[in-house]
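> Okay, handing you the structure first.
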Amino acid sequence: MSRTAGRLVTSKSELDLDHPNIEDYLPSGSSINEPRGKLSLRDLLDISPTLTEAAGAIVDDSFTRCFKSNPPEPWNWNIYLFPLYCFGVVVRYCILFPLRCFTLAFGWIIFLSLFIPVNALLKGQDRLRKKIERVLVEMICSFFVASWTGVVKYHGPRPSIRPKQVYVANHTSMIDFIVLEQMTAFAVIMQKHPGWVGLLQSTILESVGCIWFNRSEAKDREIVAKKLRDHVQGADSNPLLIFPEGTCVNNNYTVMFKKGAFELDCTVCPIAIKYNKIFVDAFWNSRKQSFTMHLLQLMTSWAVVCEVWYLEPQTIRPGETGIEFAERVRDMISLRAGLKKVPWDGYLKYSRPSPKHSERKQQSFAESILARLEEK
């Protein structure tokens with residue numbers, strides 16, 4: 001940072017912390033060109049863990065920032081603003097929160113008083129029952145959005161029921177599903193959750209054709225893949241919604257899309273979701289906060305402000321792989337929602353490579369470097 005004509009000028013390296021200049025950390029050219037003794041495999045293996053740790057620190061910093069909440073800057077820092085802040089807290093917790101609880105409870109009473117009889121009395125009339133259940137699920141999701149004073153603006157044509165198409169969206173929180181579901185009763189692919197969320201998954205959401213899986217069970221992948229293929233072929237099936245990132249990201253970045261949704265031989269309809277953090281950060285960090293506490297956080301805020309874009313449907317191009325197709329759709333979503341792309345797999349949030357695997361990689365890396373040096 002330098003001072004020019006009475007103004008502070010920020011250097012380029014300070015503005016772009018995501019892309020540090022590695023040359024700044026290297027020794028001078030004269031020291032690089034100094035003659036060295038012949039390197040051996042042992043030498044490279046000795047320094048490989050150190051290099052791995054250094055690279056790992058950079059990667060961890062870049063990776064973990066995708067899953068961090070950015071707390072708002074405090075604004076009640078003086079005696080003039082602090083009374084206004086206290087007044088806002090009283091309004092949000094003592095007036096808005098009770099009204100929102102009443103709204104949500106009222107919605108559940110209406111929903112259950114209709115859903116239970118319909119589910120019990122129309123068992124032989126599947127088409128009519130599914131149509132009514134679809135409307136009821138959309139209704140209860142609307143009550144959820146109302147309980148946050150949700151201000152959601154939708155752009156583009158509303159999704160319709162058609163065979164051989166799938167919708168994909170970036171993922172910030174479980175409320176993404178609720179925001180989209182209030183407009184269209186999607187059948188979603190989602191991780192199986194415990195508690196009251198799991199109860200809703202196995203009862204109410206099962207009625208719209210949602211598919212659940214467990215990350216820890218490898219056999220679930222084959223079962224889910226078969227269910228996906230069967231679902232997209234059905235003419236009367238609800239539109240299929242997939243969050244291909246596989247985890248919640250903080251709505252500043254997009255991580256790699258899983259290719260499964262892009263290898264179903266069907267049309268892919270991208271959806272971009274962007275939350276405005278002016279009142280509350282909608283990102284759900286499931287490791288630090290239960291979904292119940294996340295909902296309470298939303299219900300005690302002023303409002304949840306969000307924009308949703310239904311983008312142009314895409315089909316795989318001749319010669320394009322599933323991974324390339326997924327990246328092309330991710331480009332569209334990232335550009336529309338103003339998100340940064342990062343080359344990380346979101347599943348690394350849940351699992352890391354074993355030490356033995358890391359050791360093998362280090363040895364392989366050292367051997368390849370040594371072979372190149374010997375060729376020269």
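Just remember, in the structure tokens the first chain shown is A, the second B, etc., residues are 1-based per chain, and ligands are 1-based in the order shown.
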Taking 4 positions as the minimum chain separation for residues in the same chain, which residues sit within 9 Å of Phe262 of chain A when counting only C-alpha atoms? Answer as a PDB file with all heavy atoms, in the first residue's frame.


ATOM      1  N   VAL A 166     -34.354 -32.524 -15.893  1.00  0.00           N
ATOM      2  CA  VAL A 166     -33.943 -32.436 -14.501  1.00  0.00           C
ATOM      3  C   VAL A 166     -33.504 -31.002 -14.228  1.00  0.00           C
ATOM      4  O   VAL A 166     -32.927 -30.345 -15.090  1.00  0.00           O
ATOM      5  CB  VAL A 166     -32.799 -33.445 -14.196  1.00  0.00           C
ATOM      6  CG1 VAL A 166     -31.592 -33.189 -15.066  1.00  0.00           C
ATOM      7  CG2 VAL A 166     -32.397 -33.405 -12.739  1.00  0.00           C
ATOM      8  N   LYS A 258     -21.295 -32.569  -9.148  1.00  0.00           N
ATOM      9  CA  LYS A 258     -21.209 -34.003  -9.407  1.00  0.00           C
ATOM     10  C   LYS A 258     -21.817 -34.301 -10.775  1.00  0.00           C
ATOM     11  O   LYS A 258     -22.838 -33.724 -11.163  1.00  0.00           O
ATOM     12  CB  LYS A 258     -21.961 -34.787  -8.325  1.00  0.00           C
ATOM     13  CG  LYS A 258     -21.433 -34.555  -6.913  1.00  0.00           C
ATOM     14  CD  LYS A 258     -20.037 -35.118  -6.770  1.00  0.00           C
ATOM     15  CE  LYS A 258     -19.493 -34.900  -5.368  1.00  0.00           C
ATOM     16  NZ  LYS A 258     -19.274 -33.481  -5.050  1.00  0.00           N
ATOM     17  N   CYS A 266     -30.895 -36.533 -20.460  1.00  0.00           N
ATOM     18  CA  CYS A 266     -32.103 -35.717 -20.455  1.00  0.00           C
ATOM     19  C   CYS A 266     -31.715 -34.236 -20.439  1.00  0.00           C
ATOM     20  O   CYS A 266     -30.545 -33.894 -20.288  1.00  0.00           O
ATOM     21  CB  CYS A 266     -32.988 -36.056 -19.254  1.00  0.00           C
ATOM     22  SG  CYS A 266     -32.207 -35.757 -17.664  1.00  0.00           S
ATOM     23  N   THR A 267     -32.710 -33.380 -20.606  1.00  0.00           N
ATOM     24  CA  THR A 267     -32.480 -31.941 -20.609  1.00  0.00           C
ATOM     25  C   THR A 267     -32.207 -31.457 -19.188  1.00  0.00           C
ATOM     26  O   THR A 267     -32.898 -31.848 -18.242  1.00  0.00           O
ATOM     27  CB  THR A 267     -33.710 -31.206 -21.176  1.00  0.00           C
ATOM     28  OG1 THR A 267     -33.967 -31.686 -22.494  1.00  0.00           O
ATOM     29  CG2 THR A 267     -33.483 -29.711 -21.220  1.00  0.00           C
ATOM     30  N   VAL A 268     -31.198 -30.610 -19.032  1.00  0.00           N
ATOM     31  CA  VAL A 268     -30.842 -30.055 -17.728  1.00  0.00           C
ATOM     32  C   VAL A 268     -31.279 -28.593 -17.693  1.00  0.00           C
ATOM     33  O   VAL A 268     -30.908 -27.802 -18.564  1.00  0.00           O
ATOM     34  CB  VAL A 268     -29.324 -30.167 -17.473  1.00  0.00           C
ATOM     35  CG1 VAL A 268     -28.945 -29.453 -16.179  1.00  0.00           C
ATOM     36  CG2 VAL A 268     -28.906 -31.631 -17.402  1.00  0.00           C
ATOM     37  N   THR A 315     -28.716 -29.058 -23.142  1.00  0.00           N
ATOM     38  CA  THR A 315     -28.536 -30.472 -23.473  1.00  0.00           C
ATOM     39  C   THR A 315     -27.053 -30.713 -23.740  1.00  0.00           C
ATOM     40  O   THR A 315     -26.314 -29.784 -24.114  1.00  0.00           O
ATOM     41  CB  THR A 315     -29.352 -30.883 -24.709  1.00  0.00           C
ATOM     42  OG1 THR A 315     -29.025 -30.006 -25.802  1.00  0.00           O
ATOM     43  CG2 THR A 315     -30.848 -30.799 -24.424  1.00  0.00           C
ATOM     44  N   ILE A 316     -26.623 -31.936 -23.552  1.00  0.00           N
ATOM     45  CA  ILE A 316     -25.217 -32.266 -23.748  1.00  0.00           C
ATOM     46  C   ILE A 316     -24.870 -32.145 -25.225  1.00  0.00           C
ATOM     47  O   ILE A 316     -25.657 -32.528 -26.104  1.00  0.00           O
ATOM     48  CB  ILE A 316     -24.913 -33.676 -23.194  1.00  0.00           C
ATOM     49  CG1 ILE A 316     -23.401 -33.900 -23.110  1.00  0.00           C
ATOM     50  CG2 ILE A 316     -25.608 -34.755 -24.018  1.00  0.00           C
ATOM     51  CD1 ILE A 316     -23.005 -35.110 -22.284  1.00  0.00           C
ATOM     52  N   THR A 321     -18.279 -34.552 -22.534  1.00  0.00           N
ATOM     53  CA  THR A 321     -18.392 -35.520 -21.445  1.00  0.00           C
ATOM     54  C   THR A 321     -19.339 -34.988 -20.374  1.00  0.00           C
ATOM     55  O   THR A 321     -19.689 -33.795 -20.364  1.00  0.00           O
ATOM     56  CB  THR A 321     -17.016 -35.790 -20.815  1.00  0.00           C
ATOM     57  OG1 THR A 321     -16.536 -34.581 -20.194  1.00  0.00           O
ATOM     58  CG2 THR A 321     -16.006 -36.251 -21.867  1.00  0.00           C
ATOM     59  N   GLY A 322     -19.728 -35.868 -19.461  1.00  0.00           N
ATOM     60  CA  GLY A 322     -20.606 -35.459 -18.367  1.00  0.00           C
ATOM     61  C   GLY A 322     -19.951 -34.403 -17.489  1.00  0.00           C
ATOM     62  O   GLY A 322     -20.619 -33.465 -17.027  1.00  0.00           O
ATOM     63  N   ILE A 323     -18.639 -34.526 -17.268  1.00  0.00           N
ATOM     64  CA  ILE A 323     -17.919 -33.550 -16.436  1.00  0.00           C
ATOM     65  C   ILE A 323     -17.887 -32.186 -17.114  1.00  0.00           C
ATOM     66  O   ILE A 323     -18.110 -31.150 -16.484  1.00  0.00           O
ATOM     67  CB  ILE A 323     -16.493 -34.047 -16.143  1.00  0.00           C
ATOM     68  CG1 ILE A 323     -16.540 -35.315 -15.281  1.00  0.00           C
ATOM     69  CG2 ILE A 323     -15.661 -32.975 -15.443  1.00  0.00           C
ATOM     70  CD1 ILE A 323     -15.194 -35.961 -15.031  1.00  0.00           C
ATOM     71  N   PHE A 325     -20.020 -31.075 -19.350  1.00  0.00           N
ATOM     72  CA  PHE A 325     -21.398 -30.573 -19.334  1.00  0.00           C
ATOM     73  C   PHE A 325     -21.710 -29.946 -17.970  1.00  0.00           C
ATOM     74  O   PHE A 325     -22.287 -28.861 -17.874  1.00  0.00           O
ATOM     75  CB  PHE A 325     -22.347 -31.725 -19.646  1.00  0.00           C
ATOM     76  CG  PHE A 325     -23.789 -31.321 -19.813  1.00  0.00           C
ATOM     77  CD1 PHE A 325     -24.139 -30.016 -20.139  1.00  0.00           C
ATOM     78  CD2 PHE A 325     -24.812 -32.265 -19.654  1.00  0.00           C
ATOM     79  CE1 PHE A 325     -25.479 -29.651 -20.306  1.00  0.00           C
ATOM     80  CE2 PHE A 325     -26.135 -31.910 -19.812  1.00  0.00           C
ATOM     81  CZ  PHE A 325     -26.467 -30.605 -20.132  1.00  0.00           C
ATOM     82  N   ALA A 326     -21.303 -30.630 -16.898  1.00  0.00           N
ATOM     83  CA  ALA A 326     -21.541 -30.116 -15.547  1.00  0.00           C
ATOM     84  C   ALA A 326     -20.834 -28.774 -15.342  1.00  0.00           C
ATOM     85  O   ALA A 326     -21.397 -27.842 -14.760  1.00  0.00           O
ATOM     86  CB  ALA A 326     -21.062 -31.140 -14.511  1.00  0.00           C
TER      87      ALA A 326
END

> Enumerate, in order of chain and increasing residue number, the residues of segment 254-314 of chain A with an atom no farther than 10 Å from segment 179-192 of chain A, each with its shortest atom pair and distance in Å to one decimal, counting only C-alpha atoms, as JSON lines.


{"residue": "A:Ile271", "atom": "CA", "partner": "A:Leu180", "partner_atom": "CA", "distance": 9.4}
{"residue": "A:Ile273", "atom": "CA", "partner": "A:Leu180", "partner_atom": "CA", "distance": 9.4}
{"residue": "A:Cys306", "atom": "CA", "partner": "A:Val179", "partner_atom": "CA", "distance": 8.8}
{"residue": "A:Glu307", "atom": "CA", "partner": "A:Val179", "partner_atom": "CA", "distance": 9.8}
{"residue": "A:Val308", "atom": "CA", "partner": "A:Leu180", "partner_atom": "CA", "distance": 8.3}

> Just to be explicit: take each residue in the selection above, keep N, CA and C atoms, and write the result as an mmCIF file, in the first residue's frame.


data_model
loop_
_atom_site.group_PDB
_atom_site.id
_atom_site.type_symbol
_atom_site.label_atom_id
_atom_site.label_comp_id
_atom_site.auth_asym_id
_atom_site.auth_seq_id
_atom_site.Cartn_x
_atom_site.Cartn_y
_atom_site.Cartn_z
ATOM 1 N N ILE A 271 -30.879 -23.609 -12.348
ATOM 2 C CA ILE A 271 -31.529 -22.612 -11.485
ATOM 3 C C ILE A 271 -30.441 -21.939 -10.661
ATOM 4 N N ILE A 273 -29.613 -19.353 -7.536
ATOM 5 C CA ILE A 273 -30.205 -18.786 -6.316
ATOM 6 C C ILE A 273 -29.190 -17.863 -5.667
ATOM 7 N N CYS A 306 -34.194 -12.839 -1.406
ATOM 8 C CA CYS A 306 -33.630 -13.838 -2.306
ATOM 9 C C CYS A 306 -34.101 -13.596 -3.739
ATOM 10 N N GLU A 307 -33.245 -13.957 -4.686
ATOM 11 C CA GLU A 307 -33.620 -13.934 -6.099
ATOM 12 C C GLU A 307 -33.354 -15.304 -6.705
ATOM 13 N N VAL A 308 -34.275 -15.743 -7.565
ATOM 14 C CA VAL A 308 -34.172 -17.049 -8.217
ATOM 15 C C VAL A 308 -34.309 -16.845 -9.722
#

> Identify, on the basis of only C-alpha atoms, every residue whose closest approach to segment 199-212 of chain A does not exceed 12 Å; exclude the query and any residue fewer than 6 positions from it along the same chain; express the result as an NGL selection string.

:A and (108 or 111-112 or 115-116 or 118-119 or 123 or 126-127 or 129-138 or 140-141 or 177-178 or 181 or 184-193 or 220-221 or 223-232 or 234 or 236-242)

> According to DSSP computed on the backbone, where in segment 123-194 of chain A is there helix (DSSP H, G or I)? Give the residues as a PyMOL selection string.

chain A and resi 126-147+175-181

> Write the residues of the preceding selection, restricted to N, CA and C atoms, as a PDB file, in the first residue's frame.


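And here is the file that came out, result01.pdb:
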ATOM      1  N   ASP A 126     -54.830 -42.545  -7.343  1.00  0.00           N
ATOM      2  CA  ASP A 126     -53.469 -42.017  -7.213  1.00  0.00           C
ATOM      3  C   ASP A 126     -53.277 -40.679  -7.912  1.00  0.00           C
ATOM      4  N   ARG A 127     -53.839 -40.535  -9.087  1.00  0.00           N
ATOM      5  CA  ARG A 127     -53.605 -39.304  -9.846  1.00  0.00           C
ATOM      6  C   ARG A 127     -54.185 -38.087  -9.134  1.00  0.00           C
ATOM      7  N   LEU A 128     -55.422 -38.207  -8.648  1.00  0.00           N
ATOM      8  CA  LEU A 128     -56.066 -37.102  -7.939  1.00  0.00           C
ATOM      9  C   LEU A 128     -55.363 -36.842  -6.611  1.00  0.00           C
ATOM     10  N   ARG A 129     -55.000 -37.926  -5.914  1.00  0.00           N
ATOM     11  CA  ARG A 129     -54.326 -37.768  -4.618  1.00  0.00           C
ATOM     12  C   ARG A 129     -52.993 -37.045  -4.769  1.00  0.00           C
ATOM     13  N   LYS A 130     -52.206 -37.427  -5.766  1.00  0.00           N
ATOM     14  CA  LYS A 130     -50.909 -36.792  -5.980  1.00  0.00           C
ATOM     15  C   LYS A 130     -51.062 -35.318  -6.342  1.00  0.00           C
ATOM     16  N   LYS A 131     -52.101 -35.015  -7.109  1.00  0.00           N
ATOM     17  CA  LYS A 131     -52.324 -33.618  -7.503  1.00  0.00           C
ATOM     18  C   LYS A 131     -52.641 -32.751  -6.289  1.00  0.00           C
ATOM     19  N   ILE A 132     -53.501 -33.278  -5.400  1.00  0.00           N
ATOM     20  CA  ILE A 132     -53.861 -32.516  -4.190  1.00  0.00           C
ATOM     21  C   ILE A 132     -52.671 -32.417  -3.248  1.00  0.00           C
ATOM     22  N   GLU A 133     -51.940 -33.515  -3.070  1.00  0.00           N
ATOM     23  CA  GLU A 133     -50.762 -33.496  -2.194  1.00  0.00           C
ATOM     24  C   GLU A 133     -49.717 -32.509  -2.701  1.00  0.00           C
ATOM     25  N   ARG A 134     -49.583 -32.418  -4.017  1.00  0.00           N
ATOM     26  CA  ARG A 134     -48.639 -31.472  -4.607  1.00  0.00           C
ATOM     27  C   ARG A 134     -49.001 -30.035  -4.225  1.00  0.00           C
ATOM     28  N   VAL A 135     -50.284 -29.709  -4.317  1.00  0.00           N
ATOM     29  CA  VAL A 135     -50.748 -28.360  -3.969  1.00  0.00           C
ATOM     30  C   VAL A 135     -50.542 -28.085  -2.476  1.00  0.00           C
ATOM     31  N   LEU A 136     -50.789 -29.092  -1.641  1.00  0.00           N
ATOM     32  CA  LEU A 136     -50.641 -28.919  -0.197  1.00  0.00           C
ATOM     33  C   LEU A 136     -49.179 -28.720   0.203  1.00  0.00           C
ATOM     34  N   VAL A 137     -48.256 -29.430  -0.449  1.00  0.00           N
ATOM     35  CA  VAL A 137     -46.832 -29.262  -0.155  1.00  0.00           C
ATOM     36  C   VAL A 137     -46.385 -27.861  -0.557  1.00  0.00           C
ATOM     37  N   GLU A 138     -46.839 -27.374  -1.697  1.00  0.00           N
ATOM     38  CA  GLU A 138     -46.526 -26.009  -2.109  1.00  0.00           C
ATOM     39  C   GLU A 138     -47.065 -25.007  -1.083  1.00  0.00           C
ATOM     40  N   MET A 139     -48.260 -25.289  -0.541  1.00  0.00           N
ATOM     41  CA  MET A 139     -48.880 -24.378   0.419  1.00  0.00           C
ATOM     42  C   MET A 139     -48.091 -24.306   1.718  1.00  0.00           C
ATOM     43  N   ILE A 140     -47.667 -25.461   2.271  1.00  0.00           N
ATOM     44  CA  ILE A 140     -46.945 -25.428   3.543  1.00  0.00           C
ATOM     45  C   ILE A 140     -45.569 -24.782   3.363  1.00  0.00           C
ATOM     46  N   CYS A 141     -44.969 -24.946   2.190  1.00  0.00           N
ATOM     47  CA  CYS A 141     -43.697 -24.264   1.924  1.00  0.00           C
ATOM     48  C   CYS A 141     -43.899 -22.755   1.860  1.00  0.00           C
ATOM     49  N   SER A 142     -45.039 -22.318   1.357  1.00  0.00           N
ATOM     50  CA  SER A 142     -45.343 -20.878   1.331  1.00  0.00           C
ATOM     51  C   SER A 142     -45.489 -20.332   2.744  1.00  0.00           C
ATOM     52  N   PHE A 143     -46.063 -21.128   3.651  1.00  0.00           N
ATOM     53  CA  PHE A 143     -46.168 -20.705   5.051  1.00  0.00           C
ATOM     54  C   PHE A 143     -44.782 -20.611   5.693  1.00  0.00           C
ATOM     55  N   PHE A 144     -43.880 -21.534   5.334  1.00  0.00           N
ATOM     56  CA  PHE A 144     -42.518 -21.464   5.844  1.00  0.00           C
ATOM     57  C   PHE A 144     -41.846 -20.167   5.400  1.00  0.00           C
ATOM     58  N   VAL A 145     -41.968 -19.856   4.110  1.00  0.00           N
ATOM     59  CA  VAL A 145     -41.353 -18.629   3.588  1.00  0.00           C
ATOM     60  C   VAL A 145     -41.968 -17.402   4.256  1.00  0.00           C
ATOM     61  N   ALA A 146     -43.282 -17.434   4.500  1.00  0.00           N
ATOM     62  CA  ALA A 146     -43.947 -16.312   5.173  1.00  0.00           C
ATOM     63  C   ALA A 146     -43.450 -16.159   6.616  1.00  0.00           C
ATOM     64  N   SER A 147     -43.063 -17.267   7.253  1.00  0.00           N
ATOM     65  CA  SER A 147     -42.591 -17.190   8.643  1.00  0.00           C
ATOM     66  C   SER A 147     -41.223 -16.540   8.758  1.00  0.00           C
ATOM     67  N   ILE A 175     -33.172 -24.448   3.076  1.00  0.00           N
ATOM     68  CA  ILE A 175     -34.292 -23.589   2.703  1.00  0.00           C
ATOM     69  C   ILE A 175     -34.336 -23.339   1.198  1.00  0.00           C
ATOM     70  N   ASP A 176     -33.239 -23.666   0.461  1.00  0.00           N
ATOM     71  CA  ASP A 176     -33.287 -23.577  -1.000  1.00  0.00           C
ATOM     72  C   ASP A 176     -34.458 -24.396  -1.531  1.00  0.00           C
ATOM     73  N   PHE A 177     -34.583 -25.592  -0.967  1.00  0.00           N
ATOM     74  CA  PHE A 177     -35.674 -26.483  -1.383  1.00  0.00           C
ATOM     75  C   PHE A 177     -37.033 -25.853  -1.098  1.00  0.00           C
ATOM     76  N   ILE A 178     -37.192 -25.221   0.062  1.00  0.00           N
ATOM     77  CA  ILE A 178     -38.468 -24.615   0.439  1.00  0.00           C
ATOM     78  C   ILE A 178     -38.785 -23.432  -0.469  1.00  0.00           C
ATOM     79  N   VAL A 179     -37.774 -22.615  -0.763  1.00  0.00           N
ATOM     80  CA  VAL A 179     -37.961 -21.451  -1.635  1.00  0.00           C
ATOM     81  C   VAL A 179     -38.416 -21.885  -3.028  1.00  0.00           C
ATOM     82  N   LEU A 180     -37.832 -22.962  -3.547  1.00  0.00           N
ATOM     83  CA  LEU A 180     -38.203 -23.444  -4.874  1.00  0.00           C
ATOM     84  C   LEU A 180     -39.505 -24.231  -4.844  1.00  0.00           C
ATOM     85  N   GLU A 181     -39.744 -24.927  -3.739  1.00  0.00           N
ATOM     86  CA  GLU A 181     -40.919 -25.810  -3.641  1.00  0.00           C
ATOM     87  C   GLU A 181     -42.221 -25.020  -3.539  1.00  0.00           C
TER      88      GLU A 181
END

> Extract the full set of strand (DSSP E) residues from segment 209-344 of chain A according to DSSP on the backbone, and format it as an mmCIF file with N, CA and C atoms, in the first residue's frame.


data_model
loop_
_atom_site.group_PDB
_atom_site.id
_atom_site.type_symbol
_atom_site.label_atom_id
_atom_site.label_comp_id
_atom_site.auth_asym_id
_atom_site.auth_seq_id
_atom_site.Cartn_x
_atom_site.Cartn_y
_atom_site.Cartn_z
ATOM 1 N N ILE A 211 -36.338 -38.405 -3.198
ATOM 2 C CA ILE A 211 -35.427 -39.548 -3.081
ATOM 3 C C ILE A 211 -34.362 -39.208 -2.050
ATOM 4 N N TRP A 212 -34.159 -40.112 -1.089
ATOM 5 C CA TRP A 212 -33.212 -39.867 0.001
ATOM 6 C C TRP A 212 -32.021 -40.811 -0.109
ATOM 7 N N PHE A 213 -30.883 -40.382 0.402
ATOM 8 C CA PHE A 213 -29.689 -41.226 0.402
ATOM 9 C C PHE A 213 -28.893 -40.956 1.668
ATOM 10 N N LEU A 240 -37.776 -33.136 -11.281
ATOM 11 C CA LEU A 240 -36.701 -33.605 -10.420
ATOM 12 C C LEU A 240 -35.711 -32.470 -10.156
ATOM 13 N N LEU A 241 -35.421 -32.226 -8.880
ATOM 14 C CA LEU A 241 -34.491 -31.170 -8.474
ATOM 15 C C LEU A 241 -33.267 -31.797 -7.808
ATOM 16 N N ILE A 242 -32.079 -31.403 -8.279
ATOM 17 C CA ILE A 242 -30.823 -31.917 -7.730
ATOM 18 C C ILE A 242 -29.914 -30.745 -7.392
ATOM 19 N N TYR A 253 -19.475 -18.730 -3.340
ATOM 20 C CA TYR A 253 -18.713 -19.603 -4.226
ATOM 21 C C TYR A 253 -19.602 -20.726 -4.747
ATOM 22 N N THR A 254 -19.107 -21.411 -5.788
ATOM 23 C CA THR A 254 -19.681 -22.688 -6.214
ATOM 24 C C THR A 254 -18.550 -23.703 -6.272
ATOM 25 N N THR A 267 -32.710 -33.380 -20.606
ATOM 26 C CA THR A 267 -32.480 -31.941 -20.609
ATOM 27 C C THR A 267 -32.207 -31.457 -19.188
ATOM 28 N N VAL A 268 -31.198 -30.610 -19.032
ATOM 29 C CA VAL A 268 -30.842 -30.055 -17.728
ATOM 30 C C VAL A 268 -31.279 -28.593 -17.693
ATOM 31 N N CYS A 269 -32.068 -28.235 -16.674
ATOM 32 C CA CYS A 269 -32.581 -26.872 -16.520
ATOM 33 C C CYS A 269 -31.884 -26.218 -15.322
ATOM 34 N N PRO A 270 -30.955 -25.290 -15.545
ATOM 35 C CA PRO A 270 -30.219 -24.672 -14.426
ATOM 36 C C PRO A 270 -31.089 -23.663 -13.665
ATOM 37 N N ILE A 271 -30.879 -23.609 -12.348
ATOM 38 C CA ILE A 271 -31.529 -22.612 -11.485
ATOM 39 C C ILE A 271 -30.441 -21.939 -10.661
ATOM 40 N N ALA A 272 -30.405 -20.614 -10.702
ATOM 41 C CA ALA A 272 -29.434 -19.844 -9.918
ATOM 42 C C ALA A 272 -30.156 -19.184 -8.747
ATOM 43 N N ILE A 273 -29.613 -19.353 -7.536
ATOM 44 C CA ILE A 273 -30.205 -18.786 -6.316
ATOM 45 C C ILE A 273 -29.190 -17.863 -5.667
ATOM 46 N N LYS A 274 -29.597 -16.644 -5.380
ATOM 47 C CA LYS A 274 -28.726 -15.680 -4.737
ATOM 48 C C LYS A 274 -29.457 -15.011 -3.585
ATOM 49 N N TYR A 275 -28.864 -15.087 -2.381
ATOM 50 C CA TYR A 275 -29.444 -14.461 -1.185
ATOM 51 C C TYR A 275 -28.779 -13.118 -0.931
ATOM 52 N N ASN A 276 -29.593 -12.153 -0.567
ATOM 53 C CA ASN A 276 -29.083 -10.849 -0.158
ATOM 54 C C ASN A 276 -28.861 -10.886 1.354
ATOM 55 N N VAL A 304 -35.832 -12.488 4.887
ATOM 56 C CA VAL A 304 -34.929 -13.252 4.028
ATOM 57 C C VAL A 304 -35.178 -12.776 2.597
ATOM 58 N N VAL A 305 -34.166 -12.158 2.008
ATOM 59 C CA VAL A 305 -34.298 -11.587 0.663
ATOM 60 C C VAL A 305 -33.533 -12.474 -0.322
ATOM 61 N N CYS A 306 -34.194 -12.839 -1.406
ATOM 62 C CA CYS A 306 -33.630 -13.838 -2.306
ATOM 63 C C CYS A 306 -34.101 -13.596 -3.739
ATOM 64 N N GLU A 307 -33.245 -13.957 -4.686
ATOM 65 C CA GLU A 307 -33.620 -13.934 -6.099
ATOM 66 C C GLU A 307 -33.354 -15.304 -6.705
ATOM 67 N N VAL A 308 -34.275 -15.743 -7.565
ATOM 68 C CA VAL A 308 -34.172 -17.049 -8.217
ATOM 69 C C VAL A 308 -34.309 -16.845 -9.722
ATOM 70 N N TRP A 309 -33.361 -17.414 -10.471
ATOM 71 C CA TRP A 309 -33.414 -17.342 -11.932
ATOM 72 C C TRP A 309 -33.570 -18.740 -12.506
ATOM 73 N N TYR A 310 -34.626 -18.952 -13.300
ATOM 74 C CA TYR A 310 -34.780 -20.191 -14.072
ATOM 75 C C TYR A 310 -34.111 -19.938 -15.420
ATOM 76 N N LYS A 340 -18.288 -17.016 -7.242
ATOM 77 C CA LYS A 340 -16.954 -17.390 -7.691
ATOM 78 C C LYS A 340 -16.842 -18.902 -7.797
ATOM 79 N N LYS A 341 -16.232 -19.372 -8.877
ATOM 80 C CA LYS A 341 -16.006 -20.804 -9.052
ATOM 81 C C LYS A 341 -14.700 -21.212 -8.392
#

> Between atom CA of Phe291 of chain A and atom CA of Thr172 of chain A, what is the spacing in Å?

12.7 Å

> Compare A:Tyr85, A:Phe97, A:Phe243, A:Tyr347 by their minimum atom-to-atom distance to Leu298 of chain A, counting only C-alpha atoms, and give me the closest one.

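Nearest candidate to Leu298 of chain A out of A:Tyr85, A:Phe97, A:Phe243, A:Tyr347: A:Phe97.
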
> Would you mind reading off the distance between atom CA of Asn252 of chain A and atom CA of Asn214 of chain A, one decimal, in Å?

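Separation of atom CA of Asn252 of chain A and atom CA of Asn214 of chain A: 26.6 Å.
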
> Considering only C-alpha atoms, can you say which of A:Pro194, A:Gly88, A:Pro74, A:Gly346 comes closest to Pro244 of chain A?

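Result for the nearest residue to Pro244 of chain A: A:Gly346.
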